[in-house]
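The next block holds one structure in the form of structure tokens; read it before the comments.
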Amino acid sequence: MTGRRGSKPPLVAEKRSRPAQNKRKPATKARRRKAAPKRRGLLATLLWPFKWLLILFWRIAWRGTLVVSILVGIGVFYYAATLPPMSEMVDARTRGSVTLLDARGETFAWRGDQFGGMIRASSINENLHNAVVATEDKRFYWHFGVDFYATGAAMVRNFRNGGNPLSGAGGSSITQQTAKLLCFGRPFDPNTWEDETAYEADCRRTTLWRKVQEAVYAFALEARYTKEEILTIYINRAYLGAGSRGFEAASQRYFGISAAEVNPAQSAMLAGLLKAPTTYAPTRNLQVSQDRGATIIRLMEEQGYLTSAQAADAQANPATLSEAARARAGGYFADWVMDSGPSFFTDGTTEDVIIRTTLDPRIQTAAEEALVWVFENKVRAGSEAQAAIVVMSADGAVRAMVGGRDLTVSGAFNRATQALRQTGSAFKPFIYAAALDIGMSPFDILLDERTCWDVPGPDDYCPANYTNRFEGEVTMVEALQQSLNIPAVALSELVGRAAVRAVAEGFGIDRDLADGPALALGVSESTLLEMTGAYAGILNGGSAVKPYGLTELRLAGDDTPLLEATGGIRERVIQESAARQLTWMMYQVVEGGSGRRAAVEGWEIAGKTGTTQAARDAWFIGFSGDYVAGVWMGYDDNTPLTGVTGSGLPADIWHETMTRILSGLTPTPLPMEVPTQVAVPQLQPQTGQAGDGLGYTPEEADTIINDLLRELQNSGG
């Protein structure tokens with residue numbers, strides 16, 4: 001036989017026996033396992049009783065997570081399906097805004113919620129775009145609506161600081177903040193919320209359920225809009241202080257330029273407002289706002305949005321306010337114009353309205369500076385006395401208004417238009433106007449001596465002069481020049497209180513005027529605006545004026561005005577010659593009488609002082625050939641002024657105001673008429689009757705005066 005050495009084929013019996021051997025092997029392994037049982041470790045032994053609890057928890061957890069995910073998905077799908085186009089989301093104000101322009105057409109004040117028009121995230125300045133992202137959500141382009149890392153870190157900080165993880169810094173992404181601005185899709189309902197402030201406060205309220213809603217709505221926003229569209233909604237709806245809604249309005253409000261034109265420092269200041277718009281508003285505290293902007297600049301540098309050189313330049317040149325925003329002038333004037341216009345286009349407007357006014361910013365600044373200067377240099381420190389100023393043209397166009405010493409307020413009590421105060425001797429020009437209008441002369445003789453008038457009650461009315469002296473025989477012009485009381489009352493009684501009332505009411509002092517002889521001494525009340533308007537009637541030749549500040553009202557975007565000037569010159573009250581002679585008499589008051597401190601070098605000035613009983617009110621109202629200005633001073637609670645009369649501090653304020661206003665202008669002569677001096681009978685005031693000292697009756701005095709008038713007319717005098 002041939003084959004490989006040492007090998008031989010298996011026998012048939014061997015082949016048959018192998019399966020039997022294979023069958024015995026499992027039995028051997030089983031015996032081995034039984035012989036050497038497996039041992040558990042100590043930890044496994046301890047955890048073994050909780051095995052089924054852990055398994056149960058896991059099964060519930062993943063099923064619960066699945067259910068929550070499905071519910072969240074349904075919520076996201078629902079919200080995303082109901083979201084409108086992005087362009088409809090940028091402005092949801094329920095009330096409009098009012099932009100007030102001065103006489104030059106420049107913006108000087110805003111009221112309501114200002115919206116500068118929609119701007120896109122892609123069209124604003126790149127620095128502003130980066131500043132917002134760096135400040136509010138540096139991972140904005142990396143998350144899907146919620147930055148879980150930032151949210152968790154914020155909750156930990158809140159817990160450590162106050163114990164409530166939901167109170168304090170929220171770590172919300174820009175998308176989540178946008179969800180809050182949209183109030184999770186709930187529009188403002190006046191039947192649910194008292195006003196927009198209450199509505200917005202409710203939308204910002206933080207609870208665990210609200211955080212869940214916020215997250216779901218944020219996911220929906222991310223599903224419905226692009227990142228740039230979400231950012232566009234955000235930058236248009238965010239409130240940025242001073243009534244500004246959106247970055248375009250804020251940029252215009254604070255810097256007078258578009259959001260597309262801001263530099264890095266301005267961008268940082270605007271972005272810094274997002275944290276606390278009222279606190280950081282530069283119109284409230286510029287330094288605080290600049291400090292906040294410096295922090296944003298450092299963030300932008302750290303995140304690579306600014307180079308070291310750009311950041312250094314921005315830090316060295318912080319943003320400042322525009323001239324209009326810095327001045328904050330005309331707040332009282334703006335409030336008055338808003339009150340004088342129709343409410344559906346002013347305080348209650350649902351549209352964006354543009355109002356052009358009569359305000360002259362140069363004159364407004366002059367009035368404000370004058371008030372501050374006098375109180376800083378001539379009033380004792382700590383005094384709570386108040387003052388108000390009104391400046392207008394002869395036709396009643398108000399050029400400046402200061403309603404109190406706080407020049408930066410809005411919506412405050414306006415002492416120029418709202419304070420009813422006794423007018424004192426500032427009322428006397430209306431008496432002399434009535435006398436001149438019936439033909440009397442500034443050189444008519446009056447007697448200044450102790451006189452009493454019968455009035456209802458136990459005592460007679462016996463006025464005295466401020467000096468407690470009597471001057472005897474004086475002319476009408478001397479009586480006005482020295483602001484003598486007895487001749488004024490006597491003259492009022494002579495021409496008749498009805499005539500005096502008619503002149504005062506014709507010039508706009510149409511409130512309840514006193515019935516007795518005290519009418520002549522200004523015991524009736526009026527406002528500074530009304531009194532200044534009445535004096536404007538004297539300057540313009542005797543015609544009434546209605547003070548006005550609004551010249552044109554139109555809707556934003558429209559060229560056609562809806563409303564135009566609502567004031568100006570009205571009907572004639574006294575003859576022009578009477579007004580011209582009265583102007584001359586009032587000129588004498590400033591040249592050599594009680595109003596000397598109001599004089600302005602190189603200018604003809606006419607005016608009248610006024611001080612009420614116990615010096616509770618002090619006035620000076622006067623005019624140049626161009627402007628009428630009125631000044632009132634007193635305490636809001638009627639506390640008497642100490643050592644102050646109309647010829648003192650009010651005249652000083654008037655002088656400082658008009659000196660600034662008239663500086664650099666060519667002097668305009670007063671429209672006055674110097675009367676011809678003739679001999680006339682004196683007027684005896686003891687009983688309020690006319691006489692020459694020899695017992696003329698009123699009828700005889702009238703006959704003498706009428707004869708004199710005919711004589712003057714025939715002679716052309």
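Chain lettering (A, B, ...) mirrors the order of the structure tokens, residue numbering begins at 1 for each chain separately, and ligand numbering begins at 1 in order of display.
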
Excluding Gly396 (chain A) and its own-chain neighbours fewer than 2 positions away, which residues fall within 12 Å of it when counting only C-alpha atoms? Please give them as an mmCIF file with all heavy atoms, in the first residue's frame.
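Full text of out-v1.cif as output:
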```cif
data_model
loop_
_atom_site.group_PDB
_atom_site.id
_atom_site.type_symbol
_atom_site.label_atom_id
_atom_site.label_comp_id
_atom_site.auth_asym_id
_atom_site.auth_seq_id
_atom_site.Cartn_x
_atom_site.Cartn_y
_atom_site.Cartn_z
ATOM 1 N N THR A 358 -44.560 126.978 16.643
ATOM 2 C CA THR A 358 -44.002 128.329 16.576
ATOM 3 C C THR A 358 -42.724 128.470 17.394
ATOM 4 O O THR A 358 -42.147 129.559 17.455
ATOM 5 C CB THR A 358 -45.025 129.333 17.112
ATOM 6 O OG1 THR A 358 -45.365 128.963 18.464
ATOM 7 C CG2 THR A 358 -46.297 129.333 16.275
ATOM 8 N N LEU A 359 -42.280 127.409 18.042
ATOM 9 C CA LEU A 359 -41.136 127.494 18.953
ATOM 10 C C LEU A 359 -39.877 127.957 18.230
ATOM 11 O O LEU A 359 -39.518 127.428 17.179
ATOM 12 C CB LEU A 359 -40.878 126.131 19.599
ATOM 13 C CG LEU A 359 -39.748 126.113 20.632
ATOM 14 C CD1 LEU A 359 -40.204 126.744 21.936
ATOM 15 C CD2 LEU A 359 -39.258 124.694 20.878
ATOM 16 N N VAL A 390 -42.978 133.312 29.472
ATOM 17 C CA VAL A 390 -43.590 133.130 28.158
ATOM 18 C C VAL A 390 -43.083 134.240 27.254
ATOM 19 O O VAL A 390 -43.055 135.410 27.651
ATOM 20 C CB VAL A 390 -45.130 133.187 28.224
ATOM 21 C CG1 VAL A 390 -45.723 133.217 26.818
ATOM 22 C CG2 VAL A 390 -45.682 131.992 28.991
ATOM 23 N N VAL A 391 -42.665 133.891 26.055
ATOM 24 C CA VAL A 391 -42.240 134.866 25.054
ATOM 25 C C VAL A 391 -43.061 134.615 23.797
ATOM 26 O O VAL A 391 -43.182 133.468 23.354
ATOM 27 C CB VAL A 391 -40.739 134.756 24.730
ATOM 28 C CG1 VAL A 391 -40.319 135.842 23.740
ATOM 29 C CG2 VAL A 391 -39.896 134.841 25.998
ATOM 30 N N MET A 392 -43.629 135.684 23.227
ATOM 31 C CA MET A 392 -44.422 135.516 22.018
ATOM 32 C C MET A 392 -44.252 136.710 21.092
ATOM 33 O O MET A 392 -43.759 137.772 21.495
ATOM 34 C CB MET A 392 -45.902 135.320 22.346
ATOM 35 C CG MET A 392 -46.588 136.504 22.968
ATOM 36 S SD MET A 392 -48.378 136.250 23.221
ATOM 37 C CE MET A 392 -48.394 134.924 24.408
ATOM 38 N N SER A 393 -44.666 136.529 19.858
ATOM 39 C CA SER A 393 -44.704 137.623 18.893
ATOM 40 C C SER A 393 -45.994 138.412 19.089
ATOM 41 O O SER A 393 -46.903 137.977 19.808
ATOM 42 C CB SER A 393 -44.633 137.073 17.468
ATOM 43 O OG SER A 393 -43.438 136.339 17.274
ATOM 44 N N ALA A 394 -46.105 139.556 18.419
ATOM 45 C CA ALA A 394 -47.262 140.430 18.614
ATOM 46 C C ALA A 394 -48.562 139.801 18.136
ATOM 47 O O ALA A 394 -49.643 140.240 18.527
ATOM 48 C CB ALA A 394 -47.036 141.759 17.893
ATOM 49 N N VAL A 398 -46.390 131.859 20.136
ATOM 50 C CA VAL A 398 -45.519 131.642 21.293
ATOM 51 C C VAL A 398 -44.170 131.123 20.818
ATOM 52 O O VAL A 398 -44.093 130.110 20.126
ATOM 53 C CB VAL A 398 -46.158 130.657 22.283
ATOM 54 C CG1 VAL A 398 -45.224 130.399 23.462
ATOM 55 C CG2 VAL A 398 -47.496 131.199 22.786
ATOM 56 N N ARG A 399 -43.118 131.825 21.198
ATOM 57 C CA ARG A 399 -41.765 131.474 20.762
ATOM 58 C C ARG A 399 -40.975 130.710 21.816
ATOM 59 O O ARG A 399 -40.013 130.019 21.499
ATOM 60 C CB ARG A 399 -40.995 132.746 20.388
ATOM 61 C CG ARG A 399 -41.665 133.575 19.320
ATOM 62 C CD ARG A 399 -41.871 132.777 18.050
ATOM 63 N NE ARG A 399 -42.514 133.555 16.990
ATOM 64 C CZ ARG A 399 -42.891 133.052 15.828
ATOM 65 N NH1 ARG A 399 -42.703 131.755 15.579
ATOM 66 N NH2 ARG A 399 -43.467 133.806 14.918
ATOM 67 N N ALA A 400 -41.373 130.842 23.076
ATOM 68 C CA ALA A 400 -40.676 130.132 24.151
ATOM 69 C C ALA A 400 -41.607 130.035 25.340
ATOM 70 O O ALA A 400 -42.467 130.898 25.542
ATOM 71 C CB ALA A 400 -39.384 130.846 24.534
ATOM 72 N N PHE A 507 -59.064 141.518 25.569
ATOM 73 C CA PHE A 507 -57.664 141.135 25.384
ATOM 74 C C PHE A 507 -57.374 139.713 25.853
ATOM 75 O O PHE A 507 -56.243 139.253 25.757
ATOM 76 C CB PHE A 507 -56.750 142.105 26.120
ATOM 77 C CG PHE A 507 -56.471 143.378 25.370
ATOM 78 C CD1 PHE A 507 -56.608 144.610 25.989
ATOM 79 C CD2 PHE A 507 -56.066 143.350 24.045
ATOM 80 C CE1 PHE A 507 -56.338 145.788 25.298
ATOM 81 C CE2 PHE A 507 -55.799 144.519 23.343
ATOM 82 C CZ PHE A 507 -55.942 145.750 23.976
ATOM 83 N N GLY A 508 -58.387 139.012 26.371
ATOM 84 C CA GLY A 508 -58.202 137.602 26.704
ATOM 85 C C GLY A 508 -58.223 137.270 28.177
ATOM 86 O O GLY A 508 -58.081 136.104 28.555
ATOM 87 N N LEU A 529 -49.724 132.961 30.520
ATOM 88 C CA LEU A 529 -49.935 132.928 29.072
ATOM 89 C C LEU A 529 -51.016 133.919 28.661
ATOM 90 O O LEU A 529 -50.858 134.646 27.670
ATOM 91 C CB LEU A 529 -50.318 131.511 28.636
ATOM 92 C CG LEU A 529 -50.571 131.322 27.143
ATOM 93 C CD1 LEU A 529 -49.288 131.542 26.346
ATOM 94 C CD2 LEU A 529 -51.130 129.929 26.859
ATOM 95 N N GLU A 530 -52.116 133.972 29.407
ATOM 96 C CA GLU A 530 -53.195 134.901 29.085
ATOM 97 C C GLU A 530 -52.735 136.348 29.232
ATOM 98 O O GLU A 530 -53.033 137.193 28.374
ATOM 99 C CB GLU A 530 -54.397 134.636 29.997
ATOM 100 C CG GLU A 530 -55.085 133.312 29.731
ATOM 101 C CD GLU A 530 -56.100 132.955 30.800
ATOM 102 O OE1 GLU A 530 -56.091 133.595 31.877
ATOM 103 O OE2 GLU A 530 -56.887 132.027 30.567
ATOM 104 N N MET A 531 -52.022 136.646 30.290
ATOM 105 C CA MET A 531 -51.563 138.021 30.516
ATOM 106 C C MET A 531 -50.567 138.460 29.450
ATOM 107 O O MET A 531 -50.617 139.590 28.958
ATOM 108 C CB MET A 531 -50.934 138.129 31.908
ATOM 109 C CG MET A 531 -51.935 138.052 33.041
ATOM 110 S SD MET A 531 -53.048 139.481 33.098
ATOM 111 C CE MET A 531 -51.911 140.774 33.624
ATOM 112 N N THR A 532 -49.666 137.575 29.089
ATOM 113 C CA THR A 532 -48.690 137.919 28.044
ATOM 114 C C THR A 532 -49.405 138.137 26.711
ATOM 115 O O THR A 532 -49.069 139.059 25.954
ATOM 116 C CB THR A 532 -47.632 136.818 27.918
ATOM 117 O OG1 THR A 532 -47.072 136.537 29.193
ATOM 118 C CG2 THR A 532 -46.520 137.229 26.971
ATOM 119 N N GLY A 533 -50.413 137.306 26.422
ATOM 120 C CA GLY A 533 -51.196 137.490 25.206
ATOM 121 C C GLY A 533 -51.952 138.804 25.202
ATOM 122 O O GLY A 533 -52.087 139.454 24.154
ATOM 123 N N ALA A 534 -52.441 139.225 26.384
ATOM 124 C CA ALA A 534 -53.144 140.502 26.474
ATOM 125 C C ALA A 534 -52.202 141.667 26.179
ATOM 126 O O ALA A 534 -52.570 142.622 25.478
ATOM 127 C CB ALA A 534 -53.756 140.655 27.867
ATOM 128 N N TYR A 535 -50.978 141.599 26.685
ATOM 129 C CA TYR A 535 -50.008 142.652 26.401
ATOM 130 C C TYR A 535 -49.603 142.650 24.930
ATOM 131 O O TYR A 535 -49.251 143.698 24.366
ATOM 132 C CB TYR A 535 -48.773 142.477 27.290
ATOM 133 C CG TYR A 535 -48.903 143.069 28.674
ATOM 134 C CD1 TYR A 535 -49.988 142.781 29.483
ATOM 135 C CD2 TYR A 535 -47.925 143.910 29.194
ATOM 136 C CE1 TYR A 535 -50.115 143.299 30.769
ATOM 137 C CE2 TYR A 535 -48.025 144.439 30.476
ATOM 138 C CZ TYR A 535 -49.132 144.127 31.258
ATOM 139 O OH TYR A 535 -49.237 144.659 32.524
ATOM 140 N N ALA A 536 -49.641 141.472 24.297
ATOM 141 C CA ALA A 536 -49.361 141.418 22.855
ATOM 142 C C ALA A 536 -50.384 142.238 22.094
ATOM 143 O O ALA A 536 -50.077 142.836 21.049
ATOM 144 C CB ALA A 536 -49.364 139.968 22.377
ATOM 145 N N GLY A 537 -51.627 142.277 22.604
ATOM 146 C CA GLY A 537 -52.660 143.094 21.973
ATOM 147 C C GLY A 537 -52.338 144.571 22.024
ATOM 148 O O GLY A 537 -52.698 145.328 21.115
ATOM 149 N N ILE A 538 -51.653 145.005 23.092
ATOM 150 C CA ILE A 538 -51.237 146.408 23.175
ATOM 151 C C ILE A 538 -50.147 146.686 22.151
ATOM 152 O O ILE A 538 -50.170 147.702 21.444
ATOM 153 C CB ILE A 538 -50.747 146.726 24.602
ATOM 154 C CG1 ILE A 538 -51.870 146.487 25.609
ATOM 155 C CG2 ILE A 538 -50.227 148.153 24.687
ATOM 156 C CD1 ILE A 538 -51.427 146.564 27.061
ATOM 157 N N LEU A 539 -49.173 145.776 22.034
ATOM 158 C CA LEU A 539 -48.077 145.953 21.091
ATOM 159 C C LEU A 539 -48.571 145.998 19.651
ATOM 160 O O LEU A 539 -48.074 146.789 18.841
ATOM 161 C CB LEU A 539 -47.057 144.826 21.258
ATOM 162 C CG LEU A 539 -45.929 144.760 20.227
ATOM 163 C CD1 LEU A 539 -45.102 146.036 20.243
ATOM 164 C CD2 LEU A 539 -45.040 143.543 20.478
ATOM 165 N N ASN A 540 -49.550 145.159 19.304
ATOM 166 C CA ASN A 540 -49.956 145.100 17.892
ATOM 167 C C ASN A 540 -50.940 146.191 17.497
ATOM 168 O O ASN A 540 -51.443 146.190 16.372
ATOM 169 C CB ASN A 540 -50.518 143.714 17.549
ATOM 170 C CG ASN A 540 -51.852 143.429 18.202
ATOM 171 O OD1 ASN A 540 -52.687 144.300 18.396
ATOM 172 N ND2 ASN A 540 -52.070 142.164 18.559
ATOM 173 N N SER A 543 -55.464 145.060 19.011
ATOM 174 C CA SER A 543 -56.292 143.917 18.616
ATOM 175 C C SER A 543 -55.997 142.717 19.505
ATOM 176 O O SER A 543 -54.846 142.472 19.878
ATOM 177 C CB SER A 543 -56.036 143.540 17.156
ATOM 178 O OG SER A 543 -56.450 144.583 16.296
ATOM 179 N N ALA A 544 -57.037 141.966 19.812
ATOM 180 C CA ALA A 544 -56.875 140.774 20.640
ATOM 181 C C ALA A 544 -56.071 139.721 19.889
ATOM 182 O O ALA A 544 -56.073 139.670 18.659
ATOM 183 C CB ALA A 544 -58.241 140.222 21.015
ATOM 184 N N VAL A 545 -55.379 138.885 20.646
ATOM 185 C CA VAL A 545 -54.690 137.750 20.048
ATOM 186 C C VAL A 545 -55.084 136.501 20.813
ATOM 187 O O VAL A 545 -55.430 136.564 21.998
ATOM 188 C CB VAL A 545 -53.149 137.896 20.066
ATOM 189 C CG1 VAL A 545 -52.719 139.181 19.392
ATOM 190 C CG2 VAL A 545 -52.609 137.824 21.485
ATOM 191 N N LYS A 546 -55.028 135.387 20.148
ATOM 192 C CA LYS A 546 -55.155 134.092 20.808
ATOM 193 C C LYS A 546 -53.788 133.438 20.756
ATOM 194 O O LYS A 546 -53.311 133.073 19.679
ATOM 195 C CB LYS A 546 -56.181 133.201 20.122
ATOM 196 C CG LYS A 546 -56.344 131.854 20.821
ATOM 197 C CD LYS A 546 -57.383 130.989 20.152
ATOM 198 C CE LYS A 546 -57.513 129.637 20.876
ATOM 199 N NZ LYS A 546 -58.505 128.752 20.223
ATOM 200 N N PRO A 547 -53.125 133.298 21.897
ATOM 201 C CA PRO A 547 -51.798 132.660 21.881
ATOM 202 C C PRO A 547 -51.878 131.275 21.251
ATOM 203 O O PRO A 547 -52.781 130.493 21.552
ATOM 204 C CB PRO A 547 -51.426 132.583 23.361
ATOM 205 C CG PRO A 547 -52.208 133.678 24.007
ATOM 206 C CD PRO A 547 -53.508 133.712 23.261
ATOM 207 N N TYR A 548 -50.944 130.978 20.388
ATOM 208 C CA TYR A 548 -50.949 129.676 19.728
ATOM 209 C C TYR A 548 -49.533 129.172 19.540
ATOM 210 O O TYR A 548 -48.573 129.936 19.489
ATOM 211 C CB TYR A 548 -51.673 129.751 18.385
ATOM 212 C CG TYR A 548 -50.944 130.538 17.306
ATOM 213 C CD1 TYR A 548 -50.226 129.895 16.301
ATOM 214 C CD2 TYR A 548 -50.981 131.930 17.288
ATOM 215 C CE1 TYR A 548 -49.571 130.609 15.306
ATOM 216 C CE2 TYR A 548 -50.325 132.659 16.302
ATOM 217 C CZ TYR A 548 -49.624 131.991 15.321
ATOM 218 O OH TYR A 548 -48.962 132.698 14.340
ATOM 219 N N GLY A 549 -49.419 127.854 19.464
ATOM 220 C CA GLY A 549 -48.112 127.228 19.255
ATOM 221 C C GLY A 549 -48.111 126.255 18.104
ATOM 222 O O GLY A 549 -47.065 125.872 17.598
ATOM 223 N N LEU A 550 -49.276 125.793 17.679
ATOM 224 C CA LEU A 550 -49.386 124.817 16.592
ATOM 225 C C LEU A 550 -49.648 125.549 15.284
ATOM 226 O O LEU A 550 -50.590 126.333 15.174
ATOM 227 C CB LEU A 550 -50.527 123.840 16.899
ATOM 228 C CG LEU A 550 -50.736 122.642 15.974
ATOM 229 C CD1 LEU A 550 -51.437 121.515 16.737
ATOM 230 C CD2 LEU A 550 -51.573 122.995 14.746
ATOM 231 N N THR A 551 -48.810 125.314 14.308
ATOM 232 C CA THR A 551 -49.016 125.935 12.998
ATOM 233 C C THR A 551 -49.471 124.938 11.937
ATOM 234 O O THR A 551 -50.127 125.320 10.975
ATOM 235 C CB THR A 551 -47.723 126.612 12.502
ATOM 236 O OG1 THR A 551 -46.682 125.634 12.374
ATOM 237 C CG2 THR A 551 -47.288 127.694 13.468
ATOM 238 N N ALA A 565 -52.715 126.628 11.657
ATOM 239 C CA ALA A 565 -52.657 127.550 12.794
ATOM 240 C C ALA A 565 -54.019 127.817 13.418
ATOM 241 O O ALA A 565 -54.998 128.085 12.718
ATOM 242 C CB ALA A 565 -52.025 128.865 12.350
ATOM 243 N N THR A 566 -54.059 127.731 14.741
ATOM 244 C CA THR A 566 -55.321 127.880 15.467
ATOM 245 C C THR A 566 -55.314 129.123 16.352
ATOM 246 O O THR A 566 -56.002 129.183 17.357
ATOM 247 C CB THR A 566 -55.573 126.644 16.347
ATOM 248 O OG1 THR A 566 -54.463 126.476 17.242
ATOM 249 C CG2 THR A 566 -55.738 125.403 15.515
ATOM 250 N N GLY A 567 -54.530 130.129 16.032
ATOM 251 C CA GLY A 567 -54.483 131.348 16.833
ATOM 252 C C GLY A 567 -54.166 132.533 15.954
ATOM 253 O O GLY A 567 -54.299 132.485 14.734
ATOM 254 N N GLY A 568 -53.751 133.619 16.587
ATOM 255 C CA GLY A 568 -53.377 134.796 15.830
ATOM 256 C C GLY A 568 -54.193 136.003 16.236
ATOM 257 O O GLY A 568 -54.912 136.008 17.232
ATOM 258 N N ILE A 569 -54.090 137.063 15.440
ATOM 259 C CA ILE A 569 -54.775 138.323 15.737
ATOM 260 C C ILE A 569 -56.275 138.179 15.504
ATOM 261 O O ILE A 569 -56.710 137.644 14.487
ATOM 262 C CB ILE A 569 -54.197 139.460 14.879
ATOM 263 C CG1 ILE A 569 -52.728 139.696 15.283
ATOM 264 C CG2 ILE A 569 -55.009 140.734 15.043
ATOM 265 C CD1 ILE A 569 -52.041 140.795 14.506
ATOM 266 N N ARG A 570 -57.043 138.686 16.467
ATOM 267 C CA ARG A 570 -58.501 138.611 16.402
ATOM 268 C C ARG A 570 -59.082 140.031 16.273
ATOM 269 O O ARG A 570 -58.491 140.911 15.678
ATOM 270 C CB ARG A 570 -59.041 137.885 17.648
ATOM 271 C CG ARG A 570 -58.495 136.453 17.805
ATOM 272 C CD ARG A 570 -58.843 135.586 16.598
ATOM 273 N NE ARG A 570 -58.238 134.276 16.622
ATOM 274 C CZ ARG A 570 -58.791 133.188 17.148
ATOM 275 N NH1 ARG A 570 -59.957 133.271 17.752
ATOM 276 N NH2 ARG A 570 -58.177 132.018 17.082
ATOM 277 N N ASP A 626 -40.409 143.859 18.902
ATOM 278 C CA ASP A 626 -40.529 142.561 18.242
ATOM 279 C C ASP A 626 -41.225 141.496 19.085
ATOM 280 O O ASP A 626 -41.975 140.678 18.552
ATOM 281 C CB ASP A 626 -39.132 142.043 17.868
ATOM 282 C CG ASP A 626 -38.393 142.977 16.935
ATOM 283 O OD1 ASP A 626 -38.898 143.220 15.832
ATOM 284 O OD2 ASP A 626 -37.328 143.478 17.326
ATOM 285 N N TYR A 627 -40.948 141.473 20.378
ATOM 286 C CA TYR A 627 -41.422 140.368 21.213
ATOM 287 C C TYR A 627 -42.072 140.868 22.498
ATOM 288 O O TYR A 627 -41.667 141.888 23.067
ATOM 289 C CB TYR A 627 -40.257 139.441 21.580
ATOM 290 C CG TYR A 627 -39.597 138.789 20.398
ATOM 291 C CD1 TYR A 627 -38.325 139.191 19.985
ATOM 292 C CD2 TYR A 627 -40.239 137.782 19.674
ATOM 293 C CE1 TYR A 627 -37.703 138.596 18.891
ATOM 294 C CE2 TYR A 627 -39.629 137.184 18.582
ATOM 295 C CZ TYR A 627 -38.365 137.593 18.187
ATOM 296 O OH TYR A 627 -37.760 137.009 17.112
ATOM 297 N N VAL A 628 -43.045 140.108 22.939
ATOM 298 C CA VAL A 628 -43.679 140.316 24.242
ATOM 299 C C VAL A 628 -43.206 139.188 25.146
ATOM 300 O O VAL A 628 -43.202 138.022 24.742
ATOM 301 C CB VAL A 628 -45.214 140.267 24.137
ATOM 302 C CG1 VAL A 628 -45.843 140.667 25.467
ATOM 303 C CG2 VAL A 628 -45.696 141.160 23.024
ATOM 304 N N ALA A 629 -42.839 139.522 26.380
ATOM 305 C CA ALA A 629 -42.403 138.497 27.320
ATOM 306 C C ALA A 629 -43.063 138.740 28.664
ATOM 307 O O ALA A 629 -43.208 139.883 29.106
ATOM 308 C CB ALA A 629 -40.880 138.509 27.472
#
```

Next on the checklist: Please identify the alpha helix (DSSP H) residues within region 308-503 of chain A (assignment by DSSP from backbone atoms) and present them as a PyMOL selection string.
Outcome noted: chain A and resi 308-316+323-327+331-340+361-377+428-437+476-481+485-495+497-503

Checklist outcome for this item: Shortest contact to Tyr466 (chain A), candidates A:Thr423, A:Ser663, A:Gln386, A:Thr645, atoms counted only C-alpha atoms, goes to A:Thr645

Next on the checklist: Give me, as a list of chain:residue names, all polymer residues having an atom no more than 6 Å from Ile389 (chain A), counting only C-alpha atoms and skipping those fewer than 2 positions away in the same chain.
Outcome noted: A:Met401, A:Val402, A:Gly630, A:Val631

Next on the checklist: I want to know what sits within 8 Å of Ala370 (chain A), based on only C-alpha atoms, with residues of the same chain fewer than 6 positions away left out; could you give that as a list in words?
Outcome noted: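 After dropping sequence-adjacent residues, the list is Ile653, Glu656, Thr657 and Arg660 of chain A.
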
Checklist entry - Using only C-alpha atoms, which of A:Ser267, A:Gln482, A:Gln422, A:Asn468 sits nearest Ala518 (chain A)? => result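 Closest to Ala518 (chain A) of all the choices is A:Gln422.
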
Item to check | Polymer residues at most 10 Å from Ala433 (chain A), only C-alpha atoms, same-chain spacing of 3 or more positions, as a PyMOL selection string | outcome: chain A and resi 428-430+436-440+499-500+503-504+538+542+573-575+578-583

Checklist entry - Interatomic distance between CA of Gly622 (chain A) and CA of Ser383 (chain A)? => result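 Separation of CA of Gly622 (chain A) and CA of Ser383 (chain A): 25.7 Å.
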
Next on the checklist: Can you tell me which residues surround Tyr587 (chain A) at a distance of at most 12 Å, considering only C-alpha atoms, apart from same-chain residues fewer than 6 positions away, and format the answer as a PyMOL selection string?
Outcome noted: chain A and resi 429+477-478+480-481+539+580-581+593-596+598-600+603-608+621-625+669-674

Checklist entry - For the atom pair CA of Pro190 (chain A) and CA of Asp335 (chain A), what is the interatomic distance in Å to one decimal place? => result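 Taking CA of Pro190 (chain A) as the start and CA of Asp335 (chain A) as the end point, the length is 25.4 Å.
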
Checklist entry - Which residue, A:Asp444, A:Glu384, A:Asp559, A:Asp291, has the smallest gap to Ala316 (chain A) when you use only C-alpha atoms? => result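 Checking each candidate against Ala316 (chain A), we get A:Asp291 as the closest.
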
Checklist entry - What gap, in Å, lies between CA of Glu552 (chain A) and CA of Gln252 (chain A)? => result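 About the pair CA of Glu552 (chain A) and CA of Gln252 (chain A): they are 21.7 Å apart.
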
Next on the checklist: So that I can check the secondary structure, give me every residue of region 462-551 of chain A assigned strand (DSSP E) by backbone DSSP, as a PyMOL selection string.
Outcome noted: chain A and resi 472-475+525-526+543-546+550-551
